[in-house]
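Working notes for the structure below.
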Amino acid sequence: MKLIALALRIDSILIKIKSRLWITIVKFSKSKNYYPKLYKCYWHLQINNTKGQNNNLNYYAAIPNRGAGIGHQISNWIAGYWFAKQFGLHFAHVPFSSDSWEHFLGFGEDELTLEGLLAIGYRKVKLPLFDGNNPVAFDLQRRIIQSYRGKKVVFVAEQDQFYQDQFGVITDIQQKFYASKARKNEELQFSNDYFNIAIHIRRGDIVTGLENENSNLQFRWQDNTYFEKVLDQVVANAITSKPIAVYLFSQGNKNDFLEFEKFTNFHFCLDWTAQDSFLHMVFSDVLITSKSSFSYKPALLSKGIKVCPKDFWHGYPKEQDWILVDEDGLFEK
């Protein structure tokens with residue numbers, strides 16, 4: 001038994017080493033011309049250059065990054081859902097790293113899973129990263145997929161395959177979220193007697209990033225003055241007969257947000273769970289987001305008004321319920 005346990009432990013360590021090595025290789029080579037040639041599917045295309053429509057028996061999946069936050073993981077999932085449609089494939093669901101979030105979001109309800117398809121004889125084929133806005137790169141992916149016509153395949157996107165305009169799946173993910181079993185027993189702290197404004201101010205790792213001069217996290221930093229200006233404009237322009245209530249979702253303590261004490265009916269939500277915060281952002285009448293996937297994703301699910309930073313790595317639909325804000329906190333004209 002001890003030998004079996006030791007063998008399993010060694011096998012687990014080797015898998016982790018192999019995974020980390022592959023991540024390093026992809027990171028180094030993804031911008032190189034030779035990068036797609038690292039994948040078996042590229043060479044399959046060279047041998048089986050089949051022309052015509054895709055095989056509608058096949059599936060496409062993207063694996064949520066288990067080492068990332070839920071906002072990042074939802075981005076991965078959405079990329080899989082989006083590109084499945086773009087390539088004329090069925091979608092295969094891969095659960096989120098947390099069973100709690102899996103239940104909360106409900107995205108996988110009534111979907112076939114990657115694991116389930118592999119169990120009934122489908123073959124997994126890993127695809128290289130590609131730029132979805134680059135016609136040449138997109139065509140290479142399409143031709144690789146076509147080369148597997150007549151075979152039972154689940155295509156799996158490389159980890160963190162990027163899809164910029166995530167709003168392309170709004171209708172589908174809203175339908176899934178609002179129909180989820182998790183919605184049946186939830187209770188909101190919001191009162192229907194008020195016009196409820198939710199504001200998300202990202203702190204935590206952002207503050208650490210500033211201290212460590214992390215350029216990625218520095219880009220995401222927005223000070224309290226920015227959010228104060230945005231909230232001033234939202235309150236001044238709100239069209240409602242109800243009194244206004246404001247809920248601030250962030251980390252830290254009240255002394256970190258003294259600028260907001262001037263607002264009436266103001267509620268600090270600094271110790272709420274991530275799911276409670278996410279849920280209330282979705283169901284607010286107005287949601288003010290930060291440069292964060294954690295508030296961008298509730299914005300995609302929200303049927304209220306969204307007020308968002310213009311300079312962000314994901315796109316926004318050109319709709320009246322989406323209001324963009326410049327770096328100074330002023331509404332875009």
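Identifiers in this document derive from the order of the structure tokens: chains are assigned A, B, ..., residues are numbered from 1 separately in each chain, and ligands are numbered from 1 in order of occurrence.
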Leaving out stretch 184-201 of chain A and any residue of its chain fewer than 6 positions from it, which residues lie within 10 Å of it when counting only C-alpha atoms, given as a tab-separated table (two decimals) with C-alpha atoms, in the first residue's frame?
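Result file is out-v1.tsv:
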chain	number	residue	atom	x	y	z
A	178	TYR	CA	-31.97	33.75	-14.06
A	221	TRP	CA	-6.03	51.17	-9.99
A	222	GLN	CA	-8.79	53.77	-9.68
A	223	ASP	CA	-8.76	56.08	-6.67
A	224	ASN	CA	-11.75	57.05	-4.53
A	227	PHE	CA	-15.69	56.72	-7.99
A	230	VAL	CA	-19.02	58.83	-11.04
A	231	LEU	CA	-21.45	58.37	-8.16
A	234	VAL	CA	-25.28	58.87	-11.31
A	235	VAL	CA	-27.20	60.34	-8.37
A	238	ALA	CA	-31.03	59.16	-11.85
A	239	ILE	CA	-34.58	59.11	-13.19
A	240	THR	CA	-36.63	57.68	-10.36
A	241	SER	CA	-39.44	58.62	-7.98
A	242	LYS	CA	-37.92	56.43	-5.27
A	243	PRO	CA	-35.34	57.54	-2.69
A	244	ILE	CA	-31.81	56.44	-3.59
A	245	ALA	CA	-29.81	53.85	-1.64
A	246	VAL	CA	-26.13	53.18	-2.35
A	247	TYR	CA	-24.25	49.96	-1.59
A	248	LEU	CA	-20.44	49.97	-1.77
A	249	PHE	CA	-18.72	46.62	-2.36
A	250	SER	CA	-15.00	46.52	-1.65
A	251	GLN	CA	-12.36	45.42	0.86
A	257	PHE	CA	-13.83	55.44	2.03
A	265	ASN	CA	-28.74	55.96	2.60
A	266	PHE	CA	-25.17	54.74	2.08
A	267	HIS	CA	-24.30	51.13	2.98
A	269	CYS	CA	-20.64	46.09	2.19
A	276	ASP	CA	-23.61	37.92	-2.00
A	277	SER	CA	-21.71	40.86	-3.47
A	278	PHE	CA	-21.92	39.41	-7.00
A	279	LEU	CA	-25.66	38.74	-6.64
A	280	HIS	CA	-26.48	42.26	-5.43
A	281	MET	CA	-24.42	43.82	-8.21
A	282	VAL	CA	-26.47	41.83	-10.73
A	283	PHE	CA	-29.81	42.90	-9.25
A	284	SER	CA	-29.00	46.58	-8.61
A	285	ASP	CA	-30.88	49.29	-10.53
A	286	VAL	CA	-27.51	50.87	-11.39
A	287	LEU	CA	-24.15	49.11	-11.24
A	288	ILE	CA	-20.93	51.14	-11.20
A	289	THR	CA	-18.08	48.81	-12.13
A	290	SER	CA	-14.33	49.02	-11.70
A	291	LYS	CA	-11.53	47.69	-13.88
A	292	SER	CA	-12.24	44.21	-12.65
A	294	PHE	CA	-15.52	40.62	-10.73
A	295	SER	CA	-17.87	43.53	-11.47
A	296	TYR	CA	-17.75	43.25	-15.29
A	304	GLY	CA	-30.26	47.44	-14.99
A	305	ILE	CA	-28.04	50.36	-15.97
A	306	LYS	CA	-24.29	49.75	-16.12
A	307	VAL	CA	-21.73	52.55	-15.64
- Task: Output as JSON, numbers by chain all residues of stretch 41-199 of chain A that backbone DSSP marks as strand (DSSP E or B).
- Result: {"A": [59, 60, 61, 90, 91, 93, 113, 123, 124, 125, 126, 127, 153, 154, 155, 156, 157, 195, 196, 197, 198, 199]}
With N, CA and C atoms retained, export the selected residues as a PDB file, in the first residue's frame.
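This is the output file result-v6.pdb:
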ATOM      1  N   TYR A  59     -17.536  18.914 -30.502  1.00  0.00           N
ATOM      2  CA  TYR A  59     -17.779  19.853 -29.412  1.00  0.00           C
ATOM      3  C   TYR A  59     -16.546  20.741 -29.193  1.00  0.00           C
ATOM      4  N   TYR A  60     -16.780  21.836 -28.471  1.00  0.00           N
ATOM      5  CA  TYR A  60     -15.709  22.784 -28.149  1.00  0.00           C
ATOM      6  C   TYR A  60     -15.851  23.166 -26.685  1.00  0.00           C
ATOM      7  N   ALA A  61     -14.733  23.227 -25.980  1.00  0.00           N
ATOM      8  CA  ALA A  61     -14.752  23.576 -24.558  1.00  0.00           C
ATOM      9  C   ALA A  61     -13.557  24.441 -24.211  1.00  0.00           C
ATOM     10  N   HIS A  90     -20.870  22.133 -31.164  1.00  0.00           N
ATOM     11  CA  HIS A  90     -21.631  22.094 -29.924  1.00  0.00           C
ATOM     12  C   HIS A  90     -20.723  22.537 -28.780  1.00  0.00           C
ATOM     13  N   PHE A  91     -21.331  22.976 -27.697  1.00  0.00           N
ATOM     14  CA  PHE A  91     -20.565  23.432 -26.539  1.00  0.00           C
ATOM     15  C   PHE A  91     -20.477  22.323 -25.504  1.00  0.00           C
ATOM     16  N   HIS A  93     -19.459  21.757 -21.539  1.00  0.00           N
ATOM     17  CA  HIS A  93     -19.272  22.492 -20.289  1.00  0.00           C
ATOM     18  C   HIS A  93     -18.154  21.889 -19.449  1.00  0.00           C
ATOM     19  N   THR A 113     -21.072  17.734 -20.560  1.00  0.00           N
ATOM     20  CA  THR A 113     -19.766  18.106 -20.012  1.00  0.00           C
ATOM     21  C   THR A 113     -18.632  17.462 -20.792  1.00  0.00           C
ATOM     22  N   ARG A 123     -12.787  11.970 -28.245  1.00  0.00           N
ATOM     23  CA  ARG A 123     -11.351  12.206 -28.104  1.00  0.00           C
ATOM     24  C   ARG A 123     -11.106  13.691 -27.848  1.00  0.00           C
ATOM     25  N   LYS A 124     -10.196  14.000 -26.928  1.00  0.00           N
ATOM     26  CA  LYS A 124      -9.867  15.394 -26.629  1.00  0.00           C
ATOM     27  C   LYS A 124      -8.722  15.861 -27.511  1.00  0.00           C
ATOM     28  N   VAL A 125      -8.928  17.019 -28.160  1.00  0.00           N
ATOM     29  CA  VAL A 125      -7.896  17.610 -29.012  1.00  0.00           C
ATOM     30  C   VAL A 125      -7.632  19.037 -28.540  1.00  0.00           C
ATOM     31  N   LYS A 126      -6.409  19.299 -28.095  1.00  0.00           N
ATOM     32  CA  LYS A 126      -6.038  20.629 -27.602  1.00  0.00           C
ATOM     33  C   LYS A 126      -5.705  21.537 -28.781  1.00  0.00           C
ATOM     34  N   LEU A 127      -6.259  22.749 -28.767  1.00  0.00           N
ATOM     35  CA  LEU A 127      -6.028  23.735 -29.821  1.00  0.00           C
ATOM     36  C   LEU A 127      -5.057  24.814 -29.336  1.00  0.00           C
ATOM     37  N   VAL A 153     -14.845  14.192 -31.640  1.00  0.00           N
ATOM     38  CA  VAL A 153     -13.794  15.005 -31.014  1.00  0.00           C
ATOM     39  C   VAL A 153     -14.388  16.098 -30.140  1.00  0.00           C
ATOM     40  N   VAL A 154     -13.735  16.332 -29.006  1.00  0.00           N
ATOM     41  CA  VAL A 154     -13.997  17.535 -28.205  1.00  0.00           C
ATOM     42  C   VAL A 154     -12.750  18.403 -28.311  1.00  0.00           C
ATOM     43  N   PHE A 155     -12.884  19.549 -28.953  1.00  0.00           N
ATOM     44  CA  PHE A 155     -11.769  20.483 -29.057  1.00  0.00           C
ATOM     45  C   PHE A 155     -11.701  21.294 -27.760  1.00  0.00           C
ATOM     46  N   VAL A 156     -10.505  21.376 -27.198  1.00  0.00           N
ATOM     47  CA  VAL A 156     -10.310  22.102 -25.938  1.00  0.00           C
ATOM     48  C   VAL A 156      -9.375  23.276 -26.199  1.00  0.00           C
ATOM     49  N   ALA A 157      -9.851  24.462 -25.911  1.00  0.00           N
ATOM     50  CA  ALA A 157      -9.030  25.660 -26.091  1.00  0.00           C
ATOM     51  C   ALA A 157      -7.839  25.624 -25.143  1.00  0.00           C
ATOM     52  N   PHE A 195     -34.344  53.044  -4.948  1.00  0.00           N
ATOM     53  CA  PHE A 195     -33.613  52.917  -6.210  1.00  0.00           C
ATOM     54  C   PHE A 195     -32.192  52.549  -5.817  1.00  0.00           C
ATOM     55  N   ASN A 196     -31.807  51.311  -6.044  1.00  0.00           N
ATOM     56  CA  ASN A 196     -30.585  50.760  -5.477  1.00  0.00           C
ATOM     57  C   ASN A 196     -29.402  50.874  -6.433  1.00  0.00           C
ATOM     58  N   ILE A 197     -28.356  51.546  -5.965  1.00  0.00           N
ATOM     59  CA  ILE A 197     -27.117  51.724  -6.732  1.00  0.00           C
ATOM     60  C   ILE A 197     -26.018  50.898  -6.075  1.00  0.00           C
ATOM     61  N   ALA A 198     -25.397  50.042  -6.854  1.00  0.00           N
ATOM     62  CA  ALA A 198     -24.260  49.252  -6.369  1.00  0.00           C
ATOM     63  C   ALA A 198     -22.982  49.807  -6.989  1.00  0.00           C
ATOM     64  N   ILE A 199     -21.945  49.943  -6.179  1.00  0.00           N
ATOM     65  CA  ILE A 199     -20.670  50.445  -6.676  1.00  0.00           C
ATOM     66  C   ILE A 199     -19.568  49.485  -6.215  1.00  0.00           C
TER      67      ILE A 199
END
- Would you kindly return, as a PyMOL selection string, each protein, DNA or RNA residue with an atom no farther than 8 Å from any atom of A:Asn48, considering only C-alpha atoms and excluding same-chain residues fewer than 2 positions away? chain A and resi 44-46+50+147-148
Let me see the file: selected residues, N, CA and C atoms, as a PDB file, in the first residue's frame.
ATOM      1  N   HIS A  44      -1.888  17.271 -37.711  1.00  0.00           N
ATOM      2  CA  HIS A  44      -3.045  16.515 -38.212  1.00  0.00           C
ATOM      3  C   HIS A  44      -3.637  17.224 -39.420  1.00  0.00           C
ATOM      4  N   LEU A  45      -3.676  18.557 -39.357  1.00  0.00           N
ATOM      5  CA  LEU A  45      -4.184  19.337 -40.489  1.00  0.00           C
ATOM      6  C   LEU A  45      -3.326  19.136 -41.728  1.00  0.00           C
ATOM      7  N   GLN A  46      -2.019  19.090 -41.552  1.00  0.00           N
ATOM      8  CA  GLN A  46      -1.124  18.941 -42.704  1.00  0.00           C
ATOM      9  C   GLN A  46      -1.361  17.606 -43.431  1.00  0.00           C
ATOM     10  N   THR A  50      -8.916  18.511 -44.836  1.00  0.00           N
ATOM     11  CA  THR A  50     -10.272  18.298 -45.322  1.00  0.00           C
ATOM     12  C   THR A  50     -10.989  19.620 -45.508  1.00  0.00           C
ATOM     13  N   SER A 147     -10.335  19.424 -40.220  1.00  0.00           N
ATOM     14  CA  SER A 147      -9.514  18.247 -40.529  1.00  0.00           C
ATOM     15  C   SER A 147      -9.926  17.014 -39.725  1.00  0.00           C
ATOM     16  N   TYR A 148     -10.773  17.224 -38.699  1.00  0.00           N
ATOM     17  CA  TYR A 148     -11.240  16.105 -37.879  1.00  0.00           C
ATOM     18  C   TYR A 148     -12.664  15.677 -38.241  1.00  0.00           C
TER      19      TYR A 148
END
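Interatomic distance, atom CA of A:Lys27 against atom CA of A:Gly71: 21.3 Å.
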If you run DSSP on the backbone here, which positions in stretch 2-245 of chain A get helix (DSSP H, G or I)? Please write them as a tab-separated table (two decimals) with C-alpha atoms, in the first residue's frame.
chain	number	residue	atom	x	y	z
A	2	LYS	CA	2.85	2.37	0.85
A	3	LEU	CA	4.45	1.70	-2.53
A	4	ILE	CA	1.16	2.43	-4.31
A	5	ALA	CA	0.72	5.67	-2.36
A	6	LEU	CA	4.31	6.68	-3.15
A	7	ALA	CA	3.82	5.90	-6.85
A	8	LEU	CA	0.65	7.98	-6.94
A	9	ARG	CA	2.40	10.86	-5.22
A	10	ILE	CA	5.32	10.73	-7.68
A	11	ASP	CA	2.85	10.58	-10.59
A	12	SER	CA	1.02	13.67	-9.23
A	13	ILE	CA	4.31	15.57	-8.88
A	14	LEU	CA	5.33	14.66	-12.44
A	15	ILE	CA	1.98	15.85	-13.79
A	16	LYS	CA	2.40	19.20	-12.03
A	17	ILE	CA	5.96	19.60	-13.34
A	18	LYS	CA	4.82	18.77	-16.87
A	19	SER	CA	1.93	21.25	-16.59
A	20	ARG	CA	4.15	24.07	-15.35
A	21	LEU	CA	6.72	23.35	-18.05
A	22	TRP	CA	4.03	23.49	-20.74
A	23	ILE	CA	2.68	26.79	-19.38
A	24	THR	CA	6.19	28.23	-19.56
A	25	ILE	CA	6.63	27.01	-23.14
A	26	VAL	CA	3.29	28.51	-24.24
A	27	LYS	CA	4.03	31.82	-22.54
A	28	PHE	CA	7.39	32.09	-24.26
A	29	SER	CA	6.34	30.91	-27.73
A	35	TYR	CA	3.87	28.39	-32.03
A	36	PRO	CA	0.93	26.45	-33.66
A	37	LYS	CA	3.42	23.78	-34.73
A	38	LEU	CA	3.84	22.76	-31.09
A	40	LYS	CA	-0.43	17.70	-32.66
A	41	CYS	CA	-3.60	19.12	-34.21
A	42	TYR	CA	-1.51	21.38	-36.47
A	43	TRP	CA	0.26	18.36	-37.97
A	44	HIS	CA	-3.04	16.52	-38.21
A	45	LEU	CA	-4.18	19.34	-40.49
A	46	GLN	CA	-1.12	18.94	-42.70
A	47	ILE	CA	-1.99	15.27	-43.25
A	70	ILE	CA	-14.18	33.63	-10.48
A	71	GLY	CA	-14.28	36.65	-12.82
A	72	HIS	CA	-11.33	35.25	-14.76
A	73	GLN	CA	-12.86	31.77	-14.79
A	74	ILE	CA	-16.13	33.10	-16.21
A	75	SER	CA	-14.11	34.82	-18.97
A	76	ASN	CA	-12.62	31.42	-19.86
A	77	TRP	CA	-16.04	29.76	-19.87
A	78	ILE	CA	-17.55	32.51	-22.03
A	79	ALA	CA	-14.70	32.18	-24.53
A	80	GLY	CA	-15.51	28.49	-24.88
A	81	TYR	CA	-19.21	29.16	-25.32
A	82	TRP	CA	-18.57	31.90	-27.89
A	83	PHE	CA	-16.03	30.10	-30.04
A	84	ALA	CA	-18.11	26.92	-30.08
A	85	LYS	CA	-20.74	28.94	-31.95
A	86	GLN	CA	-18.22	30.66	-34.20
A	99	ASP	CA	-18.84	23.64	-6.52
A	100	SER	CA	-20.45	26.60	-4.79
A	101	TRP	CA	-19.89	28.92	-7.77
A	102	GLU	CA	-20.92	26.15	-10.15
A	103	HIS	CA	-24.29	25.95	-8.42
A	104	PHE	CA	-24.61	29.70	-7.97
A	105	LEU	CA	-24.09	30.59	-11.65
A	114	LEU	CA	-16.27	17.52	-21.31
A	115	GLU	CA	-15.81	14.69	-18.82
A	116	GLY	CA	-19.10	13.08	-19.86
A	117	LEU	CA	-18.21	13.20	-23.56
A	118	LEU	CA	-14.79	11.63	-22.94
A	119	ALA	CA	-16.54	8.85	-21.01
A	135	PRO	CA	-8.73	36.44	-39.90
A	136	VAL	CA	-5.62	34.38	-40.71
A	137	ALA	CA	-5.36	32.96	-37.19
A	138	PHE	CA	-9.11	32.30	-37.08
A	139	ASP	CA	-8.95	30.48	-40.43
A	140	LEU	CA	-6.14	28.23	-39.20
A	141	GLN	CA	-8.28	27.17	-36.23
A	142	ARG	CA	-11.24	26.56	-38.54
A	143	ARG	CA	-9.15	24.39	-40.89
A	144	ILE	CA	-7.71	22.41	-37.98
A	145	ILE	CA	-11.25	21.72	-36.75
A	146	GLN	CA	-12.38	20.72	-40.25
A	166	GLN	CA	-17.58	39.01	-23.98
A	167	PHE	CA	-20.96	40.69	-24.33
A	168	GLY	CA	-21.60	38.49	-27.38
A	169	VAL	CA	-23.11	35.86	-25.07
A	170	ILE	CA	-25.21	38.16	-22.88
A	171	THR	CA	-28.59	36.73	-23.91
A	172	ASP	CA	-27.52	33.14	-23.27
A	173	ILE	CA	-25.79	33.64	-19.93
A	174	GLN	CA	-28.61	35.84	-18.62
A	175	GLN	CA	-31.11	33.13	-19.50
A	176	LYS	CA	-28.97	30.54	-17.73
A	177	PHE	CA	-28.37	32.68	-14.64
A	178	TYR	CA	-31.97	33.75	-14.06
A	179	ALA	CA	-33.30	30.22	-14.69
A	181	LYS	CA	-31.95	26.50	-9.48
A	182	ALA	CA	-29.92	28.75	-7.18
A	183	ARG	CA	-32.28	31.68	-7.82
A	184	LYS	CA	-35.22	29.91	-6.12
A	185	ASN	CA	-34.16	30.40	-2.49
A	205	ASP	CA	-4.53	42.80	-4.62
A	206	ILE	CA	-4.60	46.19	-6.37
A	207	VAL	CA	-3.12	47.87	-3.30
A	208	THR	CA	-0.48	45.15	-3.08
A	209	GLY	CA	0.29	45.63	-6.77
A	210	LEU	CA	0.89	49.33	-6.28
A	211	GLU	CA	3.30	48.61	-3.45
A	215	SER	CA	2.28	47.20	-13.98
A	216	ASN	CA	-0.77	45.02	-14.64
A	217	LEU	CA	-2.34	45.82	-11.28
A	218	GLN	CA	-1.28	49.48	-11.50
A	219	PHE	CA	-3.34	49.76	-14.70
A	220	ARG	CA	-6.41	48.60	-12.77
A	224	ASN	CA	-11.75	57.05	-4.53
A	225	THR	CA	-12.03	60.43	-6.24
A	226	TYR	CA	-12.83	58.70	-9.53
A	227	PHE	CA	-15.69	56.72	-7.99
A	228	GLU	CA	-16.95	59.74	-6.04
A	229	LYS	CA	-17.26	61.70	-9.32
A	230	VAL	CA	-19.02	58.83	-11.04
A	231	LEU	CA	-21.45	58.37	-8.16
A	232	ASP	CA	-22.16	62.14	-8.05
A	233	GLN	CA	-23.20	62.02	-11.70
A	234	VAL	CA	-25.28	58.87	-11.31
A	235	VAL	CA	-27.20	60.34	-8.37
A	236	ALA	CA	-27.70	63.67	-10.17
A	237	ASN	CA	-28.99	62.01	-13.34
- Query: Suppose you want the space between atom CA of A:Gln164 and atom CA of A:Pro317; what is it in Å?
  - Reply: 11.7 Å
